[in-house]
Structures are given as structure tokens and as C-alpha cells.
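These notes concern the structure reproduced below.
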Amino acid sequence: MKDAANPTIYLKDYTPPSWLVEDVHLTFRLSPKATRVVSRVRFVPNAAVSDRSFFLEGEELSLIWARIDGQEVTPDITPQGLSCDVPEGPFTWEAEVEISPATNTALEGLYMSNGMYSTQCEAQGFRKITYYPDRPDVMAPFTVRIESDLPVLLSNGNKGDTGEGFAEWHDPWPKPAYLFALVAGELVNLPGDFTTRSGNKVELNIWVRPGDEDKCDFALEALKKSMVWDEEVYGREYDLDIFNIVAVDDFNMGAMENKGLNIFNSSAVLANARTATDANFERIEAIIAHEYFHNWTGNRITCRDWFQLCLKEGLTVFRDAQFTADMRSEPVKRISDVLDLRGRQFREDGGPLAHPVRPESFQEINNFYTATVYEKGAEVIGMLKRLVGDDAYARALDLYFDRHDGQACTIEDWLKVFQDATGRDLSQFKRWYSQAGTPKVVMSEAWQGDQFSVTLKQVLPATPGQSDKKPQVIPFAIGLLDRTGQEVVPTTLLELVEEEQTFTFNGLEARPVASPLRGFSAPVILERETSKADQVFLLAHDTDPFNRWEAGRQLAKSALMEMIGNGAPPDADYLDALRQLVTDDTLDPAFRALCMGLPSEDDLAQSFADMGRTPDPQAIWEGREVMRAAMAEVLSSDLMPLYDRHLVRAPYRPDAEQSGKRSLNNALLSLITRRDGGAVAQGQFADAGNMTQQMGALSALLANDLGSLELASFAEQWAHERLVMDKWFMIQVAHARPDLAAQVADALTQRPDFAMTNPNRFRAVFGALAMNQAGFHHDSGAGYRLMADWLIKLDPVNPQTTARMCSAFQTWRRYDADRQGMIRDELLRISALKGLSRDTGEMVGRILGD
């Protein structure tokens, strides 16, 4: 979809800024519809470039006046910003603009959420606050004065002067404009403190709306754990006198790492046992850590331009994954991450939205906050660590922090640090950043004498704009087991660097069973012919937890595809192996719960498409239902004893031990409910002392067409808790039968407490509809129409959320002609919207392949 008004921006066209900034002074005179922003900025010429043109980004601003060195000027203003004649040397720019936070529903720049002022400036929101060079490679210290009669006035950095009706803040660390933050409102705080290992005492605060004070303790403790961990593992200390976190109801993303003033979606902060599930607690812990870790990997060292977004995000996602693995269960965390990667990023890589970890171009940068940039970007960091080793990784990171502190960097800077620290040539490894798509590794085996050989061949799929690809470096971890389950070759890292390579293991007494791609050592699709007997053996004996889970996953997928595609009965060998695993109390309950999960409807649909067969969403849904019934039958005598044995009777703790037991119990409960008509689930719902048990019971009931009374009771109990009600909206759509999913979602949008202006509530309904694959892809087309109707309504209000929700349509080409036609019609209907946003226009165009 070409659009002259929305030009494509290319990495190859990057040019350094003509002007740098020495310091920034901002004054905000807050008013809902007429906030005045006065800026004073000291510019200096960039000696590295000869161009002296002067342009400041600015959108939706009313300029009151502008001055250069005290003299009024009349700039040339366009919808994108302003230009002006300026002196040859350093000068001071001053301007006053007016903006309207109360009507800013896009939630970019300065906006209002339930009477509270908040900001979101990443990626390009600061240009909606004042005229400025809104690019990440222009960094400066900020001093901010906020004038308002609101009681709490916050910004980045350390506290400055305060008085009646004003507060000042100063951030001494140079930062780009996207890290600017301001919050003002009727807020209360949970205070705390932390002493760094150097002895500096840091004031900590979690700021929330009155009434939410009882949901802050966990977030504060997670912050302290993050600060300790970053000191111990990466040697990074916090560098200001204060660290503030603010919970905001209306927020497009999870959270934002603004220097010293992190702004969070309230769903990523607020939690207690009554209102949050174990999964909520784990997510909060991870996001708190992620945003805190950004203080060094994103703030102190940022990205030169938005094409380098993976530099800060991939590294920080990798760091928060390390943190969660250390705080909880490393195998469970790895399996969960791979499930997420395959469910979101592999789908992205395999369709029209595929792009490299470092994109080459974009029209709207907001559309590249993707699973590829974040999750695949983190996998690339993990591969690099495996290749160079733990000690070399630590040396390289120390060098990175020493060399680039205070700079805006590139992927080249990052890889150069590793090359200098290790002496290793990473020019081939760099292809992971530039080549899109998920590599396939085809594995074959041979046994002769005492030699076992493994041949690996990498296949790189064509993706939009990329067809001729070169071999990548693929770290391939493998172990070999004998028939008793003992390792005859421990985990060994092979480096696949050619299109095809053979690796040989000598001196073996008998043919081993290979355990390949251990720990999911590279984000690839492994294609390997293996017998069902070997898969059952690995499920029972593999010493690598990930591969033990993977063996069960592959058995389940093979069985389901035979059932769905060929009418086969549920596989008895798989069910028997699963029963042995689930009843093995020596295994982590959380691990067993993961093993009880079936491949998703989307995963199965893609597997059929990969075989050249058109997936039938209804048949896939029915096949999974039959398999669940078979699981309940095979485990029938074990379900209640296991359930009773893992009931947590101690006071609630959201730690790994208790969470694992509740996870297993809720997985068991879903099968028990298939057999007892809901009696146990109804009892658990009535007696639930925490949200994990209550939601687990409600989920089990709804999945079995039960629970109408419990659903009504839940709504009555939690009507005053907005985040809990998000769960109520979501669970109904997620568990709706395929023929009713769109109808259920539509009915929920008619409720007075549905607000499309709140991203959490909108995603609760329409994110759940997209995930209910058989419902969304029902052959009536009702799901497609309803989704398109609401995206058309939302786009003028919140383009970011609209664009991201368009990804529900990205797999449209794998379905039958009728479904393809209906989806294409809806995409064309969206694209024809008058005044369609740049965000949504680009996404729809890419999905259509225009």
C-alpha cells in the first residue's frame, strides 16, 4: 500500500543529526485541554556533519511563539514539524506550544487517564509535546518544571525545588526525548528504599490511584530483587537518588523504562492474591525487571536509530528471561518462552509480516515493536552467549558498558565488542540480524561400527523482499543417550555454519538415541525422521528437560494430526507415556502441567499448511476436544488423588513452588470437570482463596459448557475491580464454542463497562477472539466481520492498538478460498477507511502483500 504522504524510511539512508543538544529546560503549565509547554534548548552544531539545516519534529501542536537567542522568529510549520534559519554556531531555542491532553486518545505524548496526566514518548511521542529533534541519537540532560494544583507532580531524574503548585526535576544523565516522562495526579505511594553495593541509598516508590494501595507490595519487592540481581549478575548499579514506578490504566504497552520514572500499564503492577493469578504475578515480576534492566541496556546505552531497536529490547528481554529463570524454574521458563516464540514469532516469520530482527525499512516504527524484534532478538543474544561461553559473554558485556556508556549505538557496535573481547569473527553471525524467516534444520543420522554421525542441513525460507539467503551460524546443542537413559555423550554444542555439515561421534558401544537441539539452542524448526518408540523413550528418559517436554509435544502433535486428518483414534502409546509422566511426583508440578498442554489450534493449522494441506479450524477444534476427553479417560483413576495431593493449604505465596502445584491442579481440574459434571470445579470456585484457583475453576467450567452461575457470581463480586473484570471479559470469549465466539464477543461490547478507549479492555475481548481460532475462523465469517467493524471504529481513536490487532488476519492465506475471500474483503474494507492512520495502513498493506 504505497502512500506518498507516509514515505518509507530506510536504514541505508541514515544521516547523523545536524545539531546536537547540550541541555533541555521544559516548563509544563498543566490544563486538561490547554496545557502550555515552554521549552528552552541549547543547540550546538554537530562537527561530524557539514549540513546545518534546522528541523524540529512536532505534531498536533499549536505554536504560541518561538525565539532564537531571545529574538522572536517565525518558523515554517508543516504537519510534521518546523524549520527555521539559525545561526552558524551554538544558540538557544525557546518556544511555547499548547496541547490538549484530555482529547489525546492515541495515548502518545502527554495524555490523560482517569484524571491523571501521563506520557508515552517511545517511539515518537515527544513530538506531540513540543518541537524537538525527536530521534534517539540526540541525547541531553533534562530539567523539568511542572506547574499544577495536583498533589503529585513527577518527572525523570532527581528531585529539585518544590513549592505550592509546582515541582522541579533534574535528570543529569543524557537521554533521548523518547525517555522523557511526566505524571501528575491524585496518587498515593508505597514507599521503600534500596542501598546499592556502593552504599548509595535510593528512594523507591510505587505510585497508584487511591484504593490500589493493597496491590503494590509484590511490585516493590520485585523491584528490589531486580536491583540486587543486576548488581550480582551484570555488575550494574542504579545511578539516581530515586526510582519511581507509576501504574496507569490507559496504556498501549506493558510498561516504559523512562529514566527514573517507569510508567506501567496497571495490569503490570497491581497484584494481590485475591485479584491476580500466579501468571499475573510472574508477568509483573518479569516486566518490573525488564524495565529496570533497561536503565543500562536502553537508557545509559541506547539505540542510534529505530532500526536498532533490537539492540536495547532483545538484550533486555534476554536479561529478564535470565532473571526469571533464576527466580523460578529454568526449564519451565525456557519451555514457556519457546511456546511464546513459536506461537507468535514463528507465525510472524512465516507470513506477510516477516521482517529481520533489524528491519531495513518502515513507514511507522510503532509497527515494529514485534515478537521478532523482542523475542527473536533475545534468542540471538542467547545464541551469541552459547557460542562464546559464559566467561567471554561476561567480559564482552563489561566492555560494552565501559566503551559505550552515554552513547547511542548500533548492532555493529554491539558485535564489535564481542569480536574485540573474544577474537571471534562474527560477520556470518550478523546474518541473524539481517535475514528474516525461521531457518529449518533437516537432521539425518547414520550408525556404522562404533561411529554415530549426524548430518545437519539448513534451509532458509524466502520472505517478503528476501529470497537469496546465505547460511547462518546455528548453535546446535545435542546429547546422546543409551537405551537405559544414561548419557553416553553429554550436551555438546555443534556449530552449523555451512549449508550442510556432518558431525561424527566415535567410540560408542551401541547405537545411541539422539537428543537434538537441547534447550532449544537456536530459534529454528527441526525436521527429523524419528520413530514413535524413540519419542516415547525421550519423553520417559531424556536428561534435558526441554527435550523431554518436546518429545511429548511431538507425540501429541503427531497423534492429533492423524486424528484430524485421517480419522485415527487417540494414540494409546502417547496417552500411556503421558500418564506415566503426569503421575511421577519426582517431577516439578509446573513441568508436568506444561506437558499436559496440547499443541494450539494455530500450531496445528500451520502444521497442516506446511504439509500442503488446507487446515480446517472446526476439525482441529474437535480433534483437540476428543484428545482431551481421551486424556481424562486414561487418567481417570489418577485425577482426584493427584489433585488432592497437590492442593496448597498453606497461606498463599506466588512463588515457584506453590505456583507449580496450582498450575498442575488446574490442568487436572479441566479433565476432572469432563467427568464429574463440574462438581469439583464448582467447589473450588466457591472455596477459592485466591484468583488462580477461582479463575482455574471458572475456566474448567466454561470449557465444558458449564459455569453460567459462577460467571454471574464472578461479575458481581469483582465489578469494582477493572483488571479482574478484564479477565472476566477475556475468559468468556476464549472458551466460547466456535459457532458462538463472535456472538459472545459482540454481546460483551454492548455492555456499559466495555470501553474501546482502554487498550486492556479492548484486547481482553478481541485478543481473545483472535486466539479462539475455530471461533475467529468460523465459516460464517462473523468473527472476521466483527473484528473489522471494531478496528474501523478504533483506528481514529487509537491507531497503535488498531494496527497491532490487525495481526489477527496475518495467516489468512493458509485457509480455504472462501475464508481467504472473506478476510480479504474485510482487509480491503479497513484499507478503504477515509483518514486511515499510518499505523494501520502499513499493517493492512503488508498483510495483503501490497
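Labels for the C-alpha cells follow display order: chains A, B, ..., residues from 1 in each chain, ligands from 1.
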### Message
Just want the 12 Å neighbourhood of Pro545 of chain A, counted on only C-alpha atoms, with same-chain residues fewer than 2 positions away dropped. Output as JSON, numbers by chain.
### Response
{"A": [329, 330, 331, 332, 333, 334, 335, 515, 517, 518, 519, 520, 538, 539, 540, 541, 542, 543, 547, 548, 549, 550, 551, 552, 587, 588, 590, 591, 592, 594, 595]}
- Message: I'd like to know which residues of segment 578-824 of chain A are alpha helix (DSSP H) (by DSSP, run on the backbone); could you write them as a ChimeraX atom specification?
- Response: /A:578-582,589-596,601-610,617-634,639-645,656-676,679-687,691-703,708-718,722-734,741-749,759-771,773-776,782-794,799-805,817-824
Could you list, as a VMD selection string, every residue within 7 Å of segment 436-451 of chain A, counting only C-alpha atoms and ignoring same-chain residues fewer than 2 positions away?
chain A and resid 346 349 to 350 354 to 356 434 453 to 461 463 504 to 511 524 to 528
Just N, CA and C atoms for this one: save the residues we selected as a PDB file, in the first residue's frame.
ATOM      1  N   PHE A 346       7.286 -17.260  15.304  1.00  0.00           N
ATOM      2  CA  PHE A 346       7.372 -18.147  14.144  1.00  0.00           C
ATOM      3  C   PHE A 346       6.241 -17.843  13.165  1.00  0.00           C
ATOM      4  N   ASP A 349       7.246 -14.751  11.389  1.00  0.00           N
ATOM      5  CA  ASP A 349       8.325 -15.057  10.450  1.00  0.00           C
ATOM      6  C   ASP A 349       7.829 -15.787   9.209  1.00  0.00           C
ATOM      7  N   GLY A 350       6.744 -16.529   9.344  1.00  0.00           N
ATOM      8  CA  GLY A 350       6.283 -17.358   8.240  1.00  0.00           C
ATOM      9  C   GLY A 350       5.214 -16.726   7.384  1.00  0.00           C
ATOM     10  N   ALA A 354       6.694 -10.886   8.046  1.00  0.00           N
ATOM     11  CA  ALA A 354       8.078 -11.265   8.333  1.00  0.00           C
ATOM     12  C   ALA A 354       9.021 -10.093   8.074  1.00  0.00           C
ATOM     13  N   HIS A 355       9.978  -9.918   8.974  1.00  0.00           N
ATOM     14  CA  HIS A 355      10.998  -8.883   8.804  1.00  0.00           C
ATOM     15  C   HIS A 355      12.231  -9.291   9.601  1.00  0.00           C
ATOM     16  N   PRO A 356      13.380  -8.766   9.250  1.00  0.00           N
ATOM     17  CA  PRO A 356      14.584  -9.115  10.005  1.00  0.00           C
ATOM     18  C   PRO A 356      14.522  -8.588  11.434  1.00  0.00           C
ATOM     19  N   SER A 434      19.971  -9.628   9.889  1.00  0.00           N
ATOM     20  CA  SER A 434      19.590  -9.073   8.590  1.00  0.00           C
ATOM     21  C   SER A 434      18.703  -9.991   7.761  1.00  0.00           C
ATOM     22  N   SER A 453      26.879 -40.713  13.299  1.00  0.00           N
ATOM     23  CA  SER A 453      27.017 -39.463  12.548  1.00  0.00           C
ATOM     24  C   SER A 453      25.683 -38.743  12.456  1.00  0.00           C
ATOM     25  N   VAL A 454      25.781 -37.436  12.565  1.00  0.00           N
ATOM     26  CA  VAL A 454      24.612 -36.569  12.434  1.00  0.00           C
ATOM     27  C   VAL A 454      24.883 -35.586  11.302  1.00  0.00           C
ATOM     28  N   THR A 455      24.004 -35.575  10.319  1.00  0.00           N
ATOM     29  CA  THR A 455      24.113 -34.615   9.220  1.00  0.00           C
ATOM     30  C   THR A 455      23.030 -33.563   9.380  1.00  0.00           C
ATOM     31  N   LEU A 456      23.456 -32.307   9.367  1.00  0.00           N
ATOM     32  CA  LEU A 456      22.545 -31.185   9.522  1.00  0.00           C
ATOM     33  C   LEU A 456      22.568 -30.347   8.262  1.00  0.00           C
ATOM     34  N   LYS A 457      21.384 -30.010   7.786  1.00  0.00           N
ATOM     35  CA  LYS A 457      21.259 -29.158   6.605  1.00  0.00           C
ATOM     36  C   LYS A 457      20.336 -28.006   6.951  1.00  0.00           C
ATOM     37  N   GLN A 458      20.793 -26.775   6.692  1.00  0.00           N
ATOM     38  CA  GLN A 458      19.936 -25.627   6.976  1.00  0.00           C
ATOM     39  C   GLN A 458      19.239 -25.155   5.708  1.00  0.00           C
ATOM     40  N   VAL A 459      17.948 -24.908   5.849  1.00  0.00           N
ATOM     41  CA  VAL A 459      17.115 -24.430   4.751  1.00  0.00           C
ATOM     42  C   VAL A 459      16.552 -23.075   5.170  1.00  0.00           C
ATOM     43  N   LEU A 460      16.815 -22.049   4.371  1.00  0.00           N
ATOM     44  CA  LEU A 460      16.404 -20.693   4.718  1.00  0.00           C
ATOM     45  C   LEU A 460      15.253 -20.278   3.813  1.00  0.00           C
ATOM     46  N   PRO A 461      14.060 -20.085   4.373  1.00  0.00           N
ATOM     47  CA  PRO A 461      12.873 -19.811   3.550  1.00  0.00           C
ATOM     48  C   PRO A 461      12.908 -18.402   2.964  1.00  0.00           C
ATOM     49  N   THR A 463      11.315 -14.871   2.252  1.00  0.00           N
ATOM     50  CA  THR A 463      10.402 -13.998   2.997  1.00  0.00           C
ATOM     51  C   THR A 463      10.215 -12.723   2.196  1.00  0.00           C
ATOM     52  N   THR A 504      30.540 -36.335  13.622  1.00  0.00           N
ATOM     53  CA  THR A 504      30.698 -37.749  13.966  1.00  0.00           C
ATOM     54  C   THR A 504      31.124 -37.910  15.420  1.00  0.00           C
ATOM     55  N   PHE A 505      30.517 -38.895  16.090  1.00  0.00           N
ATOM     56  CA  PHE A 505      30.858 -39.257  17.467  1.00  0.00           C
ATOM     57  C   PHE A 505      31.410 -40.682  17.444  1.00  0.00           C
ATOM     58  N   ASN A 506      32.617 -40.858  17.957  1.00  0.00           N
ATOM     59  CA  ASN A 506      33.319 -42.133  17.870  1.00  0.00           C
ATOM     60  C   ASN A 506      33.335 -42.865  19.205  1.00  0.00           C
ATOM     61  N   GLY A 507      33.642 -44.157  19.120  1.00  0.00           N
ATOM     62  CA  GLY A 507      33.881 -44.955  20.315  1.00  0.00           C
ATOM     63  C   GLY A 507      32.648 -45.321  21.101  1.00  0.00           C
ATOM     64  N   LEU A 508      31.522 -45.456  20.431  1.00  0.00           N
ATOM     65  CA  LEU A 508      30.279 -45.796  21.123  1.00  0.00           C
ATOM     66  C   LEU A 508      30.034 -47.302  21.052  1.00  0.00           C
ATOM     67  N   GLU A 509      29.516 -47.870  22.128  1.00  0.00           N
ATOM     68  CA  GLU A 509      29.306 -49.319  22.183  1.00  0.00           C
ATOM     69  C   GLU A 509      28.055 -49.761  21.441  1.00  0.00           C
ATOM     70  N   ALA A 510      27.068 -48.925  21.375  1.00  0.00           N
ATOM     71  CA  ALA A 510      25.810 -49.266  20.697  1.00  0.00           C
ATOM     72  C   ALA A 510      25.209 -47.996  20.119  1.00  0.00           C
ATOM     73  N   ARG A 511      24.314 -48.196  19.180  1.00  0.00           N
ATOM     74  CA  ARG A 511      23.668 -47.024  18.588  1.00  0.00           C
ATOM     75  C   ARG A 511      22.904 -46.256  19.660  1.00  0.00           C
ATOM     76  N   VAL A 524      15.006 -22.314  15.505  1.00  0.00           N
ATOM     77  CA  VAL A 524      14.861 -22.961  14.211  1.00  0.00           C
ATOM     78  C   VAL A 524      13.742 -23.993  14.286  1.00  0.00           C
ATOM     79  N   ILE A 525      13.332 -24.462  13.110  1.00  0.00           N
ATOM     80  CA  ILE A 525      12.405 -25.589  13.019  1.00  0.00           C
ATOM     81  C   ILE A 525      13.234 -26.827  12.716  1.00  0.00           C
ATOM     82  N   LEU A 526      13.193 -27.802  13.606  1.00  0.00           N
ATOM     83  CA  LEU A 526      13.953 -29.033  13.420  1.00  0.00           C
ATOM     84  C   LEU A 526      13.082 -30.053  12.700  1.00  0.00           C
ATOM     85  N   GLU A 527      13.580 -30.534  11.584  1.00  0.00           N
ATOM     86  CA  GLU A 527      12.881 -31.563  10.816  1.00  0.00           C
ATOM     87  C   GLU A 527      13.712 -32.837  10.884  1.00  0.00           C
ATOM     88  N   ARG A 528      13.142 -33.861  11.482  1.00  0.00           N
ATOM     89  CA  ARG A 528      13.902 -35.084  11.747  1.00  0.00           C
ATOM     90  C   ARG A 528      12.969 -36.270  11.705  1.00  0.00           C
TER      91      ARG A 528
END
Pick from A:Ala271, A:Asn104, A:Ala745, A:Pro759: nearest to Val724 of chain A, with only C-alpha atoms counted?
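With only C-alpha atoms as the atom set, the closest residue is A:Ala271.
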Please identify all polymer residues within 9 Å of Pro475 of chain A, counting only C-alpha atoms, omitting same-chain residues fewer than 5 positions from it, and present them as an MDAnalysis selection string.
chainID A and resid 383:384 386:387 493:497 517 521:522
For those residues, write all heavy atoms to a file as a CSV table (one decimal), in the first residue's frame.
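Dumped to part39.csv:
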chain,number,residue,atom,x,y,z
A,383,MET,N,22.0,-17.1,21.6
A,383,MET,CA,22.9,-17.9,20.8
A,383,MET,C,24.3,-17.4,20.9
A,383,MET,O,25.3,-18.2,20.9
A,383,MET,CB,22.4,-17.9,19.3
A,383,MET,CG,21.2,-18.7,19.0
A,383,MET,SD,20.8,-18.8,17.3
A,383,MET,CE,20.3,-17.1,16.9
A,384,LEU,N,24.4,-16.1,20.9
A,384,LEU,CA,25.8,-15.5,21.0
A,384,LEU,C,26.4,-15.9,22.3
A,384,LEU,O,27.6,-16.2,22.3
A,384,LEU,CB,25.6,-14.0,20.9
A,384,LEU,CG,26.9,-13.1,20.8
A,384,LEU,CD1,27.8,-13.6,19.7
A,384,LEU,CD2,26.6,-11.6,20.7
A,386,ARG,N,25.9,-18.7,24.0
A,386,ARG,CA,26.3,-20.1,23.9
A,386,ARG,C,27.5,-20.2,23.0
A,386,ARG,O,28.4,-21.1,23.4
A,386,ARG,CB,25.1,-20.9,23.2
A,386,ARG,CG,23.9,-21.0,24.1
A,386,ARG,CD,22.8,-21.8,23.5
A,386,ARG,NE,21.5,-21.6,24.2
A,386,ARG,CZ,20.6,-20.8,23.8
A,386,ARG,NH1,20.7,-20.2,22.6
A,386,ARG,NH2,19.5,-20.7,24.5
A,387,LEU,N,27.6,-19.5,22.0
A,387,LEU,CA,28.8,-19.6,21.1
A,387,LEU,C,30.1,-19.2,21.8
A,387,LEU,O,31.1,-19.8,21.6
A,387,LEU,CB,28.6,-18.8,19.8
A,387,LEU,CG,27.5,-19.4,18.9
A,387,LEU,CD1,27.2,-18.4,17.8
A,387,LEU,CD2,28.0,-20.7,18.2
A,493,LEU,N,27.9,-28.7,22.0
A,493,LEU,CA,27.5,-27.6,21.1
A,493,LEU,C,28.1,-27.8,19.7
A,493,LEU,O,29.4,-27.6,19.6
A,493,LEU,CB,27.8,-26.3,21.7
A,493,LEU,CG,27.1,-25.1,20.9
A,493,LEU,CD1,25.6,-25.1,21.1
A,493,LEU,CD2,27.6,-23.8,21.4
A,494,LEU,N,27.3,-28.1,18.7
A,494,LEU,CA,27.8,-28.1,17.3
A,494,LEU,C,27.6,-26.8,16.7
A,494,LEU,O,26.6,-26.1,17.0
A,494,LEU,CB,27.1,-29.2,16.5
A,494,LEU,CG,27.0,-30.6,17.2
A,494,LEU,CD1,26.2,-31.6,16.3
A,494,LEU,CD2,28.4,-31.2,17.4
A,495,GLU,N,28.4,-26.4,15.8
A,495,GLU,CA,28.2,-25.1,15.1
A,495,GLU,C,28.0,-25.4,13.6
A,495,GLU,O,28.9,-25.8,12.9
A,495,GLU,CB,29.4,-24.2,15.2
A,495,GLU,CG,29.6,-23.7,16.7
A,495,GLU,CD,30.7,-22.7,16.8
A,495,GLU,OE1,31.0,-21.9,15.8
A,495,GLU,OE2,31.3,-22.6,17.9
A,496,LEU,N,26.7,-25.2,13.2
A,496,LEU,CA,26.4,-25.4,11.8
A,496,LEU,C,26.6,-24.1,11.1
A,496,LEU,O,25.9,-23.1,11.3
A,496,LEU,CB,24.9,-25.8,11.7
A,496,LEU,CG,24.3,-26.0,10.3
A,496,LEU,CD1,25.1,-27.0,9.5
A,496,LEU,CD2,22.8,-26.4,10.4
A,497,VAL,N,27.6,-24.0,10.2
A,497,VAL,CA,28.0,-22.8,9.5
A,497,VAL,C,27.8,-22.9,8.0
A,497,VAL,O,27.8,-21.9,7.3
A,497,VAL,CB,29.4,-22.3,9.9
A,497,VAL,CG1,29.5,-22.0,11.4
A,497,VAL,CG2,30.4,-23.3,9.5
A,517,LEU,N,19.0,-30.4,19.5
A,517,LEU,CA,18.6,-29.1,19.8
A,517,LEU,C,18.2,-28.9,21.2
A,517,LEU,O,17.1,-28.3,21.6
A,517,LEU,CB,17.4,-28.7,18.8
A,517,LEU,CG,17.2,-27.2,18.6
A,517,LEU,CD1,18.3,-26.6,17.9
A,517,LEU,CD2,15.9,-26.9,17.9
A,521,SER,N,18.5,-24.6,21.5
A,521,SER,CA,19.7,-23.8,21.4
A,521,SER,C,19.7,-22.8,20.3
A,521,SER,O,20.6,-21.9,20.2
A,521,SER,CB,20.9,-24.7,21.3
A,521,SER,OG,20.8,-25.6,20.2
A,522,ALA,N,18.7,-22.9,19.4
A,522,ALA,CA,18.6,-21.9,18.3
A,522,ALA,C,17.2,-21.8,17.8
A,522,ALA,O,16.5,-22.8,17.8
A,522,ALA,CB,19.5,-22.3,17.1
Next on the checklist: Residues within 8 Å of Ala219 of chain A, please, as a VMD selection string. Count only C-alpha atoms; anything in the same chain fewer than 6 positions from it doesn't count.
Outcome noted: chain A and resid 206 269 to 271 284 to 285 288
Residue subset to file, keeping N, CA and C atoms, as a short mmCIF file (atom, residue, chain, number, x, y, z; two decimals), in the first residue's frame:
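Contents of selection30.cif, as written:
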data_model
loop_
_atom_site.label_atom_id
_atom_site.label_comp_id
_atom_site.auth_asym_id
_atom_site.auth_seq_id
_atom_site.Cartn_x
_atom_site.Cartn_y
_atom_site.Cartn_z
N ILE A 206 6.16 3.09 44.54
CA ILE A 206 5.15 2.58 43.61
C ILE A 206 3.94 3.50 43.76
N VAL A 269 1.51 -4.00 37.26
CA VAL A 269 1.95 -3.56 38.58
C VAL A 269 1.06 -4.12 39.68
N LEU A 270 -0.25 -3.98 39.50
CA LEU A 270 -1.18 -4.21 40.61
C LEU A 270 -1.47 -5.70 40.79
N ALA A 271 -1.24 -6.19 42.01
CA ALA A 271 -1.49 -7.60 42.26
C ALA A 271 -1.60 -7.88 43.75
N ILE A 284 4.29 -9.70 36.21
CA ILE A 284 4.67 -8.45 36.87
C ILE A 284 6.13 -8.48 37.28
N GLU A 285 6.57 -9.58 37.87
CA GLU A 285 7.96 -9.71 38.27
C GLU A 285 8.89 -9.54 37.07
N ILE A 288 8.67 -5.74 35.68
CA ILE A 288 9.40 -4.86 36.60
C ILE A 288 10.89 -5.00 36.33
#
- Message: I'd like the contact shell of segment 426-431 of chain A - 7 Å cut-off, only C-alpha atoms, skipping same-chain residues fewer than 2 positions apart - returned as a PyMOL selection string.
- Response: chain A and resi 415+419+424+433-435+472-473
Store the residues picked out above, limited to all heavy atoms, as an mmCIF file, in the first residue's frame.
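In the end it all went to result-v2.cif:
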data_model
loop_
_atom_site.group_PDB
_atom_site.id
_atom_site.type_symbol
_atom_site.label_atom_id
_atom_site.label_comp_id
_atom_site.auth_asym_id
_atom_site.auth_seq_id
_atom_site.Cartn_x
_atom_site.Cartn_y
_atom_site.Cartn_z
ATOM 1 N N LEU A 415 28.328 -6.043 18.152
ATOM 2 C CA LEU A 415 29.108 -7.200 17.708
ATOM 3 C C LEU A 415 30.609 -6.927 17.776
ATOM 4 O O LEU A 415 31.403 -7.829 18.053
ATOM 5 C CB LEU A 415 28.688 -7.600 16.293
ATOM 6 C CG LEU A 415 27.250 -8.130 16.156
ATOM 7 C CD1 LEU A 415 26.930 -8.448 14.708
ATOM 8 C CD2 LEU A 415 27.041 -9.367 17.033
ATOM 9 N N GLN A 419 33.659 -9.219 19.254
ATOM 10 C CA GLN A 419 34.847 -9.554 18.468
ATOM 11 C C GLN A 419 36.114 -9.131 19.202
ATOM 12 O O GLN A 419 37.101 -9.875 19.255
ATOM 13 C CB GLN A 419 34.771 -8.904 17.084
ATOM 14 C CG GLN A 419 33.691 -9.506 16.206
ATOM 15 C CD GLN A 419 33.658 -8.951 14.799
ATOM 16 O OE1 GLN A 419 33.063 -9.551 13.908
ATOM 17 N NE2 GLN A 419 34.283 -7.813 14.575
ATOM 18 N N ARG A 424 36.774 -13.492 18.054
ATOM 19 C CA ARG A 424 35.968 -14.294 17.136
ATOM 20 C C ARG A 424 35.386 -13.428 16.033
ATOM 21 O O ARG A 424 34.900 -12.324 16.277
ATOM 22 C CB ARG A 424 34.851 -14.983 17.925
ATOM 23 C CG ARG A 424 33.983 -15.891 17.071
ATOM 24 C CD ARG A 424 32.904 -16.560 17.900
ATOM 25 N NE ARG A 424 32.091 -17.410 17.054
ATOM 26 C CZ ARG A 424 31.923 -18.710 17.226
ATOM 27 N NH1 ARG A 424 32.519 -19.315 18.233
ATOM 28 N NH2 ARG A 424 31.154 -19.417 16.415
ATOM 29 N N TYR A 433 20.705 -10.893 12.219
ATOM 30 C CA TYR A 433 20.071 -9.575 12.330
ATOM 31 C C TYR A 433 19.497 -9.094 10.998
ATOM 32 O O TYR A 433 18.634 -8.224 10.992
ATOM 33 C CB TYR A 433 21.085 -8.552 12.852
ATOM 34 C CG TYR A 433 21.406 -8.706 14.312
ATOM 35 C CD1 TYR A 433 22.591 -9.302 14.733
ATOM 36 C CD2 TYR A 433 20.518 -8.264 15.293
ATOM 37 C CE1 TYR A 433 22.893 -9.444 16.084
ATOM 38 C CE2 TYR A 433 20.803 -8.405 16.646
ATOM 39 C CZ TYR A 433 21.988 -8.997 17.030
ATOM 40 O OH TYR A 433 22.271 -9.143 18.369
ATOM 41 N N SER A 434 19.971 -9.628 9.889
ATOM 42 C CA SER A 434 19.590 -9.073 8.590
ATOM 43 C C SER A 434 18.703 -9.991 7.761
ATOM 44 O O SER A 434 18.071 -9.530 6.812
ATOM 45 C CB SER A 434 20.848 -8.728 7.783
ATOM 46 O OG SER A 434 21.641 -9.880 7.563
ATOM 47 N N GLN A 435 18.645 -11.288 8.066
ATOM 48 C CA GLN A 435 17.848 -12.232 7.292
ATOM 49 C C GLN A 435 16.600 -12.615 8.069
ATOM 50 O O GLN A 435 16.674 -13.092 9.200
ATOM 51 C CB GLN A 435 18.674 -13.477 6.948
ATOM 52 C CG GLN A 435 19.837 -13.161 6.018
ATOM 53 C CD GLN A 435 20.566 -14.390 5.513
ATOM 54 O OE1 GLN A 435 21.296 -14.329 4.535
ATOM 55 N NE2 GLN A 435 20.384 -15.530 6.160
ATOM 56 N N GLN A 472 23.541 -19.283 7.853
ATOM 57 C CA GLN A 472 23.725 -18.605 9.122
ATOM 58 C C GLN A 472 24.509 -19.500 10.077
ATOM 59 O O GLN A 472 24.683 -20.691 9.819
ATOM 60 C CB GLN A 472 22.351 -18.227 9.709
ATOM 61 C CG GLN A 472 21.591 -17.265 8.814
ATOM 62 C CD GLN A 472 20.216 -16.874 9.317
ATOM 63 O OE1 GLN A 472 19.478 -16.177 8.632
ATOM 64 N NE2 GLN A 472 19.837 -17.311 10.500
ATOM 65 N N VAL A 473 24.999 -18.934 11.152
ATOM 66 C CA VAL A 473 25.638 -19.709 12.203
ATOM 67 C C VAL A 473 24.535 -20.220 13.131
ATOM 68 O O VAL A 473 23.819 -19.426 13.739
ATOM 69 C CB VAL A 473 26.635 -18.853 13.009
ATOM 70 C CG1 VAL A 473 27.282 -19.699 14.103
ATOM 71 C CG2 VAL A 473 27.692 -18.258 12.098
#
- Record the distance separating atom CA of Thr692 of chain A and atom CA of Asp655 of chain A, expressed in Å with one decimal.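 One can read the atom CA of Thr692 of chain A to atom CA of Asp655 of chain A distance as 12.6 Å.
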Determine, using only C-alpha atoms, which residues of segment 562-658 of chain A have any atom at most 12 Å from an atom of segment 695-707 of chain A, and tabulate each with its shortest atom pair and distance in Å to one decimal place, rows ordered by chain and then rising number, as JSON lines.
{"residue": "A:Glu625", "atom": "CA", "partner": "A:Ala703", "partner_atom": "CA", "distance": 9.8}
{"residue": "A:Arg628", "atom": "CA", "partner": "A:Ala703", "partner_atom": "CA", "distance": 11.0}
{"residue": "A:Ala629", "atom": "CA", "partner": "A:Asn704", "partner_atom": "CA", "distance": 10.8}
